[in-house]
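Asks: For reference, the file query04.csv (CSV, C-alpha atoms) is included below:
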```
chain,number,residue,atom,x,y,z
A,12,MET,CA,-15.8,7.2,-25.4
A,13,SER,CA,-18.8,5.0,-25.8
A,14,THR,CA,-17.1,1.7,-25.0
A,15,TYR,CA,-15.4,1.7,-21.6
A,16,ASN,CA,-13.7,-1.0,-19.6
A,17,VAL,CA,-15.5,-2.6,-16.7
A,18,TRP,CA,-14.0,-5.2,-14.3
A,19,THR,CA,-15.1,-8.7,-15.4
A,20,HIS,CA,-16.2,-9.6,-11.8
A,21,LYS,CA,-18.1,-7.4,-9.5
A,22,GLY,CA,-15.7,-8.2,-6.6
A,23,THR,CA,-12.7,-7.0,-8.5
A,24,PHE,CA,-13.1,-3.4,-7.5
A,25,LEU,CA,-13.1,-4.5,-3.9
A,26,LEU,CA,-10.0,-6.5,-4.4
A,27,ALA,CA,-8.3,-3.7,-6.3
A,28,ALA,CA,-9.2,-1.1,-3.7
A,29,VAL,CA,-8.1,-3.4,-0.9
A,30,GLY,CA,-4.9,-4.0,-2.8
A,31,SER,CA,-4.3,-0.3,-3.1
A,32,ALA,CA,-5.2,0.2,0.6
A,33,VAL,CA,-3.1,-2.6,2.1
A,34,GLY,CA,0.5,-1.7,1.8
A,35,LEU,CA,3.6,-1.0,3.9
A,36,GLY,CA,1.7,1.4,6.1
A,37,ASN,CA,-0.5,-1.5,7.4
A,38,LEU,CA,2.5,-3.6,8.2
A,39,TRP,CA,5.0,-1.3,9.7
A,40,ARG,CA,3.2,2.0,10.5
A,41,PHE,CA,-0.2,1.4,11.9
A,42,PRO,CA,0.6,-1.3,14.5
A,43,TYR,CA,3.5,0.7,16.0
A,44,LEU,CA,1.5,4.0,16.0
A,45,ALA,CA,-1.4,2.2,17.8
A,46,GLY,CA,0.9,0.7,20.4
A,47,GLU,CA,2.7,3.9,21.2
A,48,ASN,CA,-0.3,6.1,21.3
A,49,GLY,CA,-2.6,4.5,23.8
A,50,GLY,CA,-3.5,1.3,22.0
A,51,GLY,CA,-7.3,0.9,22.0
A,52,ALA,CA,-7.7,4.7,22.3
A,53,PHE,CA,-5.7,5.3,19.1
A,54,ILE,CA,-7.6,2.6,17.3
A,55,LEU,CA,-10.9,4.2,18.4
A,56,ILE,CA,-10.0,7.6,17.0
A,57,TYR,CA,-8.7,5.9,13.8
A,58,ALA,CA,-12.0,3.9,13.4
A,59,LEU,CA,-14.1,7.0,14.0
A,60,THR,CA,-12.1,9.0,11.4
A,61,ILE,CA,-12.5,6.2,8.9
A,62,PHE,CA,-16.2,6.0,9.6
A,63,ALA,CA,-16.9,9.8,9.6
A,64,VAL,CA,-14.5,11.0,7.0
A,65,GLY,CA,-12.6,8.2,5.2
A,66,ILE,CA,-15.6,6.2,4.0
A,67,PRO,CA,-17.5,9.2,2.7
A,68,ILE,CA,-14.5,10.4,0.7
A,69,LEU,CA,-13.9,6.8,-0.5
A,70,ILE,CA,-17.5,6.7,-1.8
A,71,ALA,CA,-17.1,10.2,-3.4
A,72,GLU,CA,-13.9,9.2,-5.2
A,73,THR,CA,-15.4,6.0,-6.5
A,74,MET,CA,-18.5,7.8,-7.6
A,75,LEU,CA,-16.5,10.4,-9.5
A,76,GLY,CA,-14.6,7.7,-11.3
A,77,ARG,CA,-17.7,5.7,-12.1
A,78,ALA,CA,-19.7,8.7,-13.3
A,79,SER,CA,-16.9,9.8,-15.7
A,80,ARG,CA,-15.6,6.4,-16.8
A,81,ARG,CA,-12.2,8.1,-17.4
A,82,SER,CA,-8.9,8.6,-15.7
A,83,PRO,CA,-9.0,11.1,-12.8
A,84,ILE,CA,-7.7,14.1,-14.8
A,85,MET,CA,-9.8,13.5,-17.9
A,86,GLY,CA,-12.7,12.4,-15.8
A,87,MET,CA,-12.7,15.7,-13.8
A,88,GLN,CA,-12.5,17.7,-17.1
A,89,PHE,CA,-15.4,15.7,-18.4
A,90,LEU,CA,-17.6,16.1,-15.3
A,91,THR,CA,-16.9,19.9,-15.0
A,92,ARG,CA,-17.9,20.3,-18.6
A,93,THR,CA,-21.1,18.2,-18.5
A,94,HIS,CA,-22.2,19.6,-15.2
A,95,LYS,CA,-21.2,23.2,-16.1
A,96,THR,CA,-19.3,23.7,-12.8
A,97,SER,CA,-16.1,25.5,-12.0
A,98,ARG,CA,-13.0,24.3,-13.9
A,99,GLY,CA,-11.2,24.5,-10.6
A,100,TRP,CA,-12.4,21.0,-9.8
A,101,VAL,CA,-10.1,19.6,-12.4
A,102,SER,CA,-7.2,20.3,-10.0
A,103,ILE,CA,-8.4,17.3,-7.9
A,104,GLY,CA,-7.5,15.1,-10.8
A,105,TRP,CA,-4.1,16.7,-11.3
A,106,LEU,CA,-3.3,16.7,-7.6
A,107,GLY,CA,-4.2,13.0,-7.3
A,108,ALA,CA,-2.0,12.1,-10.3
A,109,ALA,CA,0.9,14.2,-9.1
A,110,SER,CA,0.8,12.6,-5.6
A,111,ALA,CA,0.6,9.1,-7.1
A,112,PHE,CA,3.6,9.9,-9.2
A,113,LEU,CA,5.6,11.3,-6.2
A,114,ILE,CA,4.6,8.5,-3.8
A,115,LEU,CA,5.5,5.8,-6.3
A,116,SER,CA,9.0,7.3,-6.7
A,117,PHE,CA,10.0,6.7,-3.1
A,118,TYR,CA,7.6,3.8,-2.3
A,119,SER,CA,9.4,1.7,-5.0
A,120,VAL,CA,12.8,2.3,-3.4
A,121,ILE,CA,11.7,1.2,0.1
A,122,ALA,CA,9.6,-1.8,-1.3
A,123,GLY,CA,12.8,-2.9,-3.1
A,124,TRP,CA,14.4,-3.5,0.2
A,125,ALA,CA,12.0,-6.4,0.7
A,126,ILE,CA,13.5,-8.2,-2.3
A,127,HIS,CA,16.9,-8.1,-0.6
A,128,TYR,CA,15.4,-9.5,2.6
A,129,THR,CA,13.4,-12.2,0.9
A,130,TRP,CA,16.6,-13.5,-0.6
A,131,LEU,CA,18.6,-13.2,2.6
A,132,MET,CA,15.8,-15.1,4.5
A,133,LEU,CA,15.3,-17.9,1.9
A,134,THR,CA,19.0,-18.6,1.6
A,135,GLY,CA,19.3,-18.8,5.4
A,136,THR,CA,21.9,-16.0,5.6
A,137,LEU,CA,20.3,-14.5,8.7
A,138,VAL,CA,19.6,-17.7,10.7
A,139,GLY,CA,21.1,-17.2,14.2
A,140,ALA,CA,22.5,-13.8,13.3
A,141,ASP,CA,22.9,-11.3,16.2
A,142,ALA,CA,21.7,-7.7,16.5
A,143,ALA,CA,25.0,-6.2,15.4
A,144,THR,CA,25.2,-8.3,12.3
A,145,ILE,CA,21.6,-7.6,11.2
A,146,GLY,CA,21.9,-3.9,12.0
A,147,ALA,CA,25.2,-3.7,10.1
A,148,GLY,CA,23.6,-5.5,7.1
A,149,PHE,CA,20.8,-3.0,6.9
A,150,ASP,CA,23.2,-0.1,7.2
A,151,ALA,CA,25.3,-1.6,4.4
A,152,LEU,CA,22.3,-1.9,2.1
A,153,LEU,CA,21.4,1.7,2.7
A,154,ALA,CA,25.0,2.7,2.0
A,155,SER,CA,25.0,1.1,-1.4
A,156,PRO,CA,23.5,3.2,-4.2
A,157,GLY,CA,24.1,0.4,-6.6
A,158,LEU,CA,22.1,-2.2,-4.7
A,159,LEU,CA,19.3,0.2,-3.9
A,160,THR,CA,19.0,1.2,-7.5
A,161,LEU,CA,18.9,-2.4,-8.6
A,162,TYR,CA,16.0,-3.3,-6.2
A,163,HIS,CA,14.2,-0.1,-7.0
A,164,THR,CA,14.5,-0.9,-10.7
A,165,LEU,CA,13.3,-4.6,-10.3
A,166,PHE,CA,10.4,-3.5,-8.2
A,167,ILE,CA,9.1,-0.8,-10.5
A,168,ILE,CA,9.5,-3.0,-13.6
A,169,ALA,CA,7.4,-5.7,-11.9
A,170,SER,CA,4.7,-3.2,-11.1
A,171,GLY,CA,4.8,-1.7,-14.5
A,172,LEU,CA,4.5,-5.1,-16.3
A,173,ILE,CA,1.3,-5.9,-14.4
A,174,VAL,CA,-0.3,-2.5,-15.3
A,175,GLY,CA,1.1,-2.7,-18.9
A,176,MET,CA,-0.7,-5.9,-19.5
A,177,GLY,CA,-4.0,-4.1,-19.2
A,178,ILE,CA,-6.9,-3.9,-16.9
A,179,HIS,CA,-8.2,-7.5,-17.3
A,180,LYS,CA,-5.1,-9.5,-18.2
A,181,GLY,CA,-2.8,-7.6,-15.9
A,182,ILE,CA,-4.4,-5.8,-12.9
A,183,GLU,CA,-7.5,-8.0,-12.5
A,184,ASN,CA,-5.7,-11.4,-12.9
A,185,GLY,CA,-2.8,-10.2,-10.9
A,186,LEU,CA,-4.9,-9.1,-8.0
A,187,ARG,CA,-7.1,-12.2,-8.1
A,188,ILE,CA,-4.0,-14.4,-7.4
A,189,MET,CA,-2.1,-11.9,-5.2
A,190,MET,CA,-4.7,-10.8,-2.7
A,191,PRO,CA,-6.0,-14.2,-1.6
A,192,ALA,CA,-2.4,-15.4,-1.4
A,193,LEU,CA,-1.5,-12.4,0.8
A,194,PHE,CA,-4.3,-13.1,3.2
A,195,VAL,CA,-3.3,-16.8,3.5
A,196,ILE,CA,0.4,-15.9,4.1
A,197,LEU,CA,-0.7,-13.4,6.8
A,198,LEU,CA,-2.7,-16.1,8.6
A,199,VAL,CA,0.2,-18.5,8.3
A,200,VAL,CA,2.6,-15.9,9.9
A,201,LEU,CA,0.0,-15.2,12.6
A,202,ALA,CA,-0.3,-18.9,13.5
A,203,TYR,CA,3.5,-19.2,13.5
A,204,SER,CA,3.9,-16.1,15.8
A,205,ILE,CA,1.2,-17.4,18.2
A,206,ALA,CA,3.1,-20.7,18.4
A,207,ASN,CA,6.5,-19.2,18.8
A,208,GLY,CA,6.0,-15.6,20.1
A,209,ASP,CA,4.4,-13.7,22.9
A,210,PHE,CA,0.8,-13.2,21.7
A,211,ALA,CA,-0.5,-11.9,25.0
A,212,ALA,CA,2.1,-9.1,25.1
A,213,ALA,CA,1.3,-8.1,21.5
A,214,ALA,CA,-2.4,-8.0,22.2
A,215,SER,CA,-2.0,-5.8,25.3
A,216,PHE,CA,0.5,-3.5,23.4
A,217,LEU,CA,-2.1,-3.0,20.6
A,218,PHE,CA,-5.4,-3.1,22.4
A,219,THR,CA,-5.1,-1.9,26.0
A,220,PHE,CA,-7.2,1.2,26.1
A,221,ASN,CA,-5.1,4.0,27.5
A,222,LEU,CA,-6.4,7.5,26.9
A,223,ALA,CA,-3.5,9.1,28.9
A,224,ASP,CA,-1.0,8.0,26.2
A,225,LEU,CA,-3.0,9.6,23.4
A,226,SER,CA,-1.4,13.0,22.7
A,227,LEU,CA,-2.7,15.6,20.2
A,228,GLU,CA,0.0,14.5,17.9
A,229,GLY,CA,-1.2,10.9,18.3
A,230,TRP,CA,-4.7,12.0,17.6
A,231,LEU,CA,-3.5,13.7,14.3
A,232,GLN,CA,-1.5,10.6,13.4
A,233,ALA,CA,-4.6,8.4,13.8
A,234,MET,CA,-6.5,10.7,11.4
A,235,GLY,CA,-3.6,10.9,9.0
A,236,GLN,CA,-3.2,7.2,8.9
A,237,SER,CA,-6.9,6.7,8.1
A,238,PHE,CA,-6.5,8.8,5.0
A,239,PHE,CA,-3.2,7.3,3.9
A,240,THR,CA,-4.3,3.7,4.5
A,241,LEU,CA,-7.5,4.0,2.3
A,242,SER,CA,-5.4,5.5,-0.6
A,243,LEU,CA,-7.5,8.6,-0.6
A,244,GLY,CA,-6.4,11.6,-2.7
A,245,MET,CA,-4.0,9.7,-4.9
A,246,GLY,CA,-6.3,9.2,-7.9
A,247,ALA,CA,-6.1,5.4,-7.4
A,248,ILE,CA,-9.7,4.9,-6.1
A,249,MET,CA,-11.0,7.2,-8.8
A,250,ALA,CA,-9.2,5.3,-11.5
A,251,TYR,CA,-10.4,2.0,-10.3
A,252,GLY,CA,-13.9,3.3,-9.8
A,253,ALA,CA,-14.0,4.1,-13.5
A,254,TYR,CA,-14.0,0.3,-14.2
A,255,MET,CA,-16.6,-0.5,-11.5
A,256,ALA,CA,-19.9,-2.1,-12.6
A,257,SER,CA,-22.8,0.4,-12.5
A,258,ASP,CA,-24.9,-1.9,-10.3
A,259,ALA,CA,-22.4,-2.6,-7.6
A,260,SER,CA,-23.2,-1.0,-4.2
A,261,LEU,CA,-20.9,1.9,-3.4
A,262,SER,CA,-21.5,2.1,0.3
A,263,ARG,CA,-21.3,-1.7,0.9
A,264,THR,CA,-18.1,-1.8,-1.0
A,265,ALA,CA,-16.6,1.2,0.9
A,266,PHE,CA,-17.4,-0.3,4.3
A,267,ALA,CA,-15.9,-3.7,3.2
A,268,ILE,CA,-12.7,-2.0,2.0
A,269,ALA,CA,-12.3,-0.1,5.3
A,270,PHE,CA,-13.1,-3.2,7.4
A,271,ILE,CA,-10.6,-5.5,5.5
A,272,ASP,CA,-7.9,-2.9,5.5
A,273,THR,CA,-8.2,-2.3,9.2
A,274,ALA,CA,-8.4,-6.1,9.9
A,275,VAL,CA,-5.2,-6.7,7.9
A,276,ALA,CA,-3.4,-4.0,10.0
A,277,MET,CA,-4.6,-5.5,13.3
A,278,VAL,CA,-3.6,-9.1,12.3
A,279,ALA,CA,-0.3,-7.9,11.0
A,280,GLY,CA,0.3,-6.0,14.2
A,281,LEU,CA,-0.5,-9.0,16.4
A,282,ALA,CA,1.7,-11.3,14.2
A,283,ILE,CA,4.7,-8.9,14.1
A,284,PHE,CA,4.7,-7.8,17.7
A,285,SER,CA,4.1,-11.4,19.0
A,286,LEU,CA,7.4,-12.3,17.3
A,287,VAL,CA,9.2,-9.1,18.5
A,288,PHE,CA,8.1,-9.4,22.2
A,289,GLY,CA,8.6,-13.2,22.1
A,290,ALA,CA,12.3,-12.6,21.2
A,291,GLY,CA,12.5,-10.1,24.0
A,292,LEU,CA,13.0,-7.1,21.7
A,293,ASP,CA,11.7,-3.5,21.9
A,294,ALA,CA,8.8,-2.4,19.7
A,295,ASP,CA,10.1,-0.1,16.9
A,296,ALA,CA,8.5,1.7,14.0
A,297,GLY,CA,9.1,1.9,10.2
A,298,PRO,CA,12.0,0.5,8.4
A,299,GLY,CA,13.8,-0.4,11.7
A,300,LEU,CA,10.9,-2.7,12.7
A,301,MET,CA,10.6,-4.3,9.3
A,302,PHE,CA,14.3,-4.8,8.4
A,303,VAL,CA,16.2,-5.0,11.7
A,304,THR,CA,13.9,-6.0,14.6
A,305,LEU,CA,11.9,-8.6,12.7
A,306,PRO,CA,14.8,-10.4,11.1
A,307,LEU,CA,16.3,-10.5,14.5
A,308,ALA,CA,13.1,-12.0,16.0
A,309,PHE,CA,13.0,-14.6,13.2
A,310,ALA,CA,16.7,-15.4,13.6
A,311,GLU,CA,16.1,-17.2,16.9
A,312,MET,CA,13.0,-19.2,15.9
A,313,PRO,CA,12.4,-22.6,14.3
A,314,LEU,CA,12.1,-22.6,10.4
A,315,SER,CA,13.1,-19.0,10.5
A,316,GLY,CA,14.5,-18.8,7.0
A,317,LEU,CA,11.4,-20.2,5.4
A,318,VAL,CA,8.8,-18.3,7.5
A,319,GLY,CA,10.9,-15.1,7.2
A,320,GLY,CA,11.2,-15.5,3.5
A,321,VAL,CA,7.4,-16.1,3.2
A,322,PHE,CA,6.8,-13.0,5.4
A,323,PHE,CA,8.9,-10.8,3.1
A,324,ILE,CA,7.1,-12.1,0.1
A,325,LEU,CA,3.9,-10.9,1.9
A,326,VAL,CA,5.6,-7.4,2.3
A,327,LEU,CA,6.5,-7.4,-1.4
A,328,GLY,CA,3.0,-8.4,-2.5
A,329,ALA,CA,1.3,-5.8,-0.3
A,330,ALA,CA,3.7,-3.2,-1.8
A,331,ILE,CA,3.1,-4.3,-5.4
A,332,SER,CA,-0.7,-4.2,-5.0
A,333,SER,CA,-0.3,-0.6,-3.8
A,334,SER,CA,2.2,0.4,-6.5
A,335,ILE,CA,0.1,-0.8,-9.4
A,336,SER,CA,-2.7,1.5,-8.1
A,337,LEU,CA,-0.3,4.4,-8.2
A,338,ILE,CA,0.7,3.7,-11.8
A,339,GLU,CA,-2.8,3.3,-13.1
A,340,PRO,CA,-4.2,6.9,-12.8
A,341,VAL,CA,-1.3,8.5,-14.6
A,342,ALA,CA,-1.0,5.7,-17.2
A,343,ALA,CA,-4.8,5.9,-17.9
A,344,PHE,CA,-4.5,9.7,-18.4
A,345,LEU,CA,-1.6,9.3,-20.9
A,346,VAL,CA,-3.6,6.7,-22.9
A,347,GLU,CA,-6.6,9.0,-23.1
A,348,ARG,CA,-4.9,12.3,-23.6
A,349,PHE,CA,-2.0,11.5,-25.9
A,350,ASP,CA,-3.5,8.4,-27.6
A,351,LEU,CA,-0.5,6.2,-26.4
A,352,THR,CA,-0.9,2.5,-26.2
A,353,ARG,CA,-1.1,1.1,-22.7
A,354,PRO,CA,2.5,-0.3,-22.6
A,355,GLN,CA,3.8,3.1,-23.9
A,356,ALA,CA,1.9,5.0,-21.3
A,357,VAL,CA,3.1,2.7,-18.5
A,358,PHE,CA,6.6,3.0,-19.8
A,359,VAL,CA,6.6,6.8,-19.7
A,360,MET,CA,5.1,6.9,-16.2
A,361,VAL,CA,7.4,4.3,-14.8
A,362,VAL,CA,10.6,5.7,-16.3
A,363,ALA,CA,9.8,9.2,-15.0
A,364,SER,CA,8.9,7.9,-11.5
A,365,TRP,CA,12.0,5.6,-11.5
A,366,ALA,CA,14.3,8.6,-12.4
A,367,LEU,CA,12.8,10.7,-9.6
A,368,GLY,CA,13.3,7.7,-7.2
A,369,LEU,CA,17.0,7.9,-7.8
A,370,LEU,CA,16.9,11.1,-5.6
A,371,THR,CA,15.5,8.9,-2.8
A,372,VAL,CA,18.3,6.3,-3.4
A,373,VAL,CA,21.1,8.8,-3.0
A,374,SER,CA,19.4,10.5,0.0
A,375,PHE,CA,20.4,7.4,2.0
A,376,ASN,CA,24.1,7.6,1.2
A,377,LEU,CA,25.6,10.2,-1.2
```
Output the file's structure as structure tokens, nothing else.

Replies:
Amino acid sequence: MSTYNVWTHKGTFLLAAVGSAVGLGNLWRFPYLAGENGGGAFILIYALTIFAVGIPILIAETMLGRASRRSPIMGMQFLTRTHKTSRGWVSIGWLGAASAFLILSFYSVIAGWAIHYTWLMLTGTLVGADAATIGAGFDALLASPGLLTLYHTLFIIASGLIVGMGIHKGIENGLRIMMPALFVILLVVLAYSIANGDFAAAASFLFTFNLADLSLEGWLQAMGQSFFTLSLGMGAIMAYGAYMASDASLSRTAFAIAFIDTAVAMVAGLAIFSLVFGAGLDADAGPGLMFVTLPLAFAEMPLSGLVGGVFFILVLGAAISSSISLIEPVAAFLVERFDLTRPQAVFVMVVASWALGLLTVVSFNL
């Protein structure tokens, strides 16, 4: 492989890695975990773990990708061969690809819910709705295998199309439009929630330093969140690193990724909980926060349909930027190993992951 692909712009690796890192976890998991586990104390442990463990692993994964200029699996095979080390290291490539495949199968189902809510918000269906209506609506969505399968299919097709168009035309161009747009939307939602919500309550929920509330479990969750949020161990960073320019600084880029990823989680937390507390609702985690509590908070506010719709477009964009990074490592492997074209490789990966995702769909109802 004498010719290899490199991102057209040096900054693309940063955008791609941030896109991979910023996902549903930043929007619904991190802010809630922080608030429940001693606020500032949780954030401190999280920051220390990212600094001491996350960033070094991020640099290592990027380096492995850049040194081999191949997909994670083929790259590890190439590196063990050229450096005459144990073949056992190849398992890193396989494990990364396997976890990317598994994560995509359920991530796509959950991300698909955001399509449903974008539509409900923009059509004004939820304006003025009460808790019972919104809760029942969410339960009805989960109870419908047909709807869940439809959204799962739409989401995974959209992600597959971007990766199928190639590294430059698809991933690079997609991210260069999507990521700046996401940051703008996030700031718009933040401004809206400062104007219409309870910003002070959100800030104290997130940042009040309370060591007594940080249990051992909270400590472990902070460490776990730092790995998950940086997309470590999924092959994504290694795959993207393979396209990174040889003269780009690894450590500067890694620090930038960690900083932006954490900043997005904090801003999202402030925006989301300002709305939640402003509407007099309780803080919640996970899907309940995103699809019940937040629509309820939006329902009472001015321009709720429009801002709510825009917010769920943000959720969708964050999910898509993560899902394309899950497709890439496996698709790149299929191209290199079986000489498939890129669209064929993406098709194989996406169809297999989609089929596995049907198990997630029926786990909610049947």

Asks: I'd like a table as a tab-separated table: residues in region 71-174 of chain A with an atom no more than 12 Å from region 257-268 of chain A, each row giving the shortest atom pair and its distance in Å to one decimal, all atoms listed in the file counted, sorted by chain and rising residue number.

Replies:
```
residue	atom	partner	partner_atom	distance
A:Ala71	CA	A:Leu261	CA	9.1
A:Glu72	CA	A:Leu261	CA	10.3
A:Thr73	CA	A:Leu261	CA	7.5
A:Met74	CA	A:Leu261	CA	7.6
A:Leu75	CA	A:Leu261	CA	11.3
A:Gly76	CA	A:Ser257	CA	11.0
A:Arg77	CA	A:Ser257	CA	7.4
A:Ala78	CA	A:Ser257	CA	8.9
A:Ser79	CA	A:Ser257	CA	11.6
A:Arg80	CA	A:Ser257	CA	10.3
```

Asks: Please list, as a list of chain:residue names, the residues that have an atom at most 9 Å away from (8.5, 1.8, 22.3) in the coordinates of this file, counting only C-alpha atoms.

Replies: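 Protein and nucleic acid residues near the point are A:Tyr43, A:Gly46, A:Glu47, A:Asp293, A:Ala294, A:Asp295, A:Ala296.
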
Asks: If you measure from CA of Ser116 (chain A) to CA of Met85 (chain A), what distance in Å do you get, rounded to one decimal?

Replies: 22.7 Å

Asks: Could the residues of region 248-333 of chain A that have an atom at most 12 Å from region 165-182 of chain A be listed as a tab-separated table, each with its closest atom pair and the distance in Å to one decimal, counting all atoms listed in the file and ordered by chain and ascending residue number?

Replies:
```
residue	atom	partner	partner_atom	distance
A:Ala250	CA	A:Ile178	CA	10.9
A:Tyr251	CA	A:Ile178	CA	9.5
A:Ala253	CA	A:Ile178	CA	11.2
A:Tyr254	CA	A:Ile178	CA	8.7
A:Met255	CA	A:Ile178	CA	11.6
A:Leu327	CA	A:Phe166	CA	8.8
A:Gly328	CA	A:Ser170	CA	10.2
A:Ala329	CA	A:Ser170	CA	11.6
A:Ala330	CA	A:Phe166	CA	9.3
A:Ile331	CA	A:Ser170	CA	6.0
A:Ser332	CA	A:Ser170	CA	8.2
A:Ser333	CA	A:Ser170	CA	9.2
```

Asks: Could you check the closest approach to Ile338 (chain A) for each of A:Leu193, A:Ala276, A:Met87, A:Ala108 and tell me which residue wins, using all atoms listed in the file?

Replies: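 Looking only at the distances to Ile338 (chain A), the closest residue turns out to be A:Ala108.
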
Asks: With a distance cut-off of 9 Å and all atoms listed in the file, select the neighbouring residues of region 210-225 of chain A, excluding the residue or stretch itself and same-chain residues fewer than 2 positions from it, and output the selection as a PDB file with C-alpha atoms, in the coordinates of the input.

Replies:
```pdb
ATOM      1  CA  PRO A  42       0.600  -1.300  14.500  1.00  0.00           C
ATOM      2  CA  TYR A  43       3.500   0.700  16.000  1.00  0.00           C
ATOM      3  CA  ALA A  45      -1.400   2.200  17.800  1.00  0.00           C
ATOM      4  CA  GLY A  46       0.900   0.700  20.400  1.00  0.00           C
ATOM      5  CA  GLU A  47       2.700   3.900  21.200  1.00  0.00           C
ATOM      6  CA  ASN A  48      -0.300   6.100  21.300  1.00  0.00           C
ATOM      7  CA  GLY A  49      -2.600   4.500  23.800  1.00  0.00           C
ATOM      8  CA  GLY A  50      -3.500   1.300  22.000  1.00  0.00           C
ATOM      9  CA  GLY A  51      -7.300   0.900  22.000  1.00  0.00           C
ATOM     10  CA  ALA A  52      -7.700   4.700  22.300  1.00  0.00           C
ATOM     11  CA  PHE A  53      -5.700   5.300  19.100  1.00  0.00           C
ATOM     12  CA  ILE A  54      -7.600   2.600  17.300  1.00  0.00           C
ATOM     13  CA  SER A 204       3.900 -16.100  15.800  1.00  0.00           C
ATOM     14  CA  ILE A 205       1.200 -17.400  18.200  1.00  0.00           C
ATOM     15  CA  ALA A 206       3.100 -20.700  18.400  1.00  0.00           C
ATOM     16  CA  ASN A 207       6.500 -19.200  18.800  1.00  0.00           C
ATOM     17  CA  GLY A 208       6.000 -15.600  20.100  1.00  0.00           C
ATOM     18  CA  LEU A 227      -2.700  15.600  20.200  1.00  0.00           C
ATOM     19  CA  GLU A 228       0.000  14.500  17.900  1.00  0.00           C
ATOM     20  CA  GLY A 229      -1.200  10.900  18.300  1.00  0.00           C
ATOM     21  CA  TRP A 230      -4.700  12.000  17.600  1.00  0.00           C
ATOM     22  CA  MET A 277      -4.600  -5.500  13.300  1.00  0.00           C
ATOM     23  CA  GLY A 280       0.300  -6.000  14.200  1.00  0.00           C
ATOM     24  CA  LEU A 281      -0.500  -9.000  16.400  1.00  0.00           C
ATOM     25  CA  ALA A 282       1.700 -11.300  14.200  1.00  0.00           C
ATOM     26  CA  ILE A 283       4.700  -8.900  14.100  1.00  0.00           C
ATOM     27  CA  PHE A 284       4.700  -7.800  17.700  1.00  0.00           C
ATOM     28  CA  SER A 285       4.100 -11.400  19.000  1.00  0.00           C
ATOM     29  CA  LEU A 286       7.400 -12.300  17.300  1.00  0.00           C
ATOM     30  CA  VAL A 287       9.200  -9.100  18.500  1.00  0.00           C
ATOM     31  CA  PHE A 288       8.100  -9.400  22.200  1.00  0.00           C
ATOM     32  CA  GLY A 289       8.600 -13.200  22.100  1.00  0.00           C
TER      33      GLY A 289
END
```

Asks: Nearest residue to Glu311 (chain A) out of A:Leu367, A:Ile188, A:Val138, A:Val278, using all atoms listed in the file?

Replies: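 Once distances to Glu311 (chain A) are computed over all atoms listed in the file, the minimum belongs to A:Val138.
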
Asks: Can you pull out every residue within 8 Å of region 343-349 of chain A, counting only C-alpha atoms, but drop anything in the same chain fewer than 4 positions away, and send it as an MDAnalysis selection string?

Replies: chainID A and resid 81:85 250 339 353 356

Asks: Here's a test: counting all atoms listed in the file, identify every protein, DNA and RNA residue with an atom at most 10 Å from (-8.7, 8.4, 8.7) in the file's coordinate frame, and state them as number ranges by chain.

Replies: A: 56-66, 231-241, 243, 269

Asks: Measure the distance from CA of Pro354 (chain A) to CA of Pro340 (chain A) in Å and round it to one decimal.

Replies: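 These two atoms are separated by 13.9 Å.
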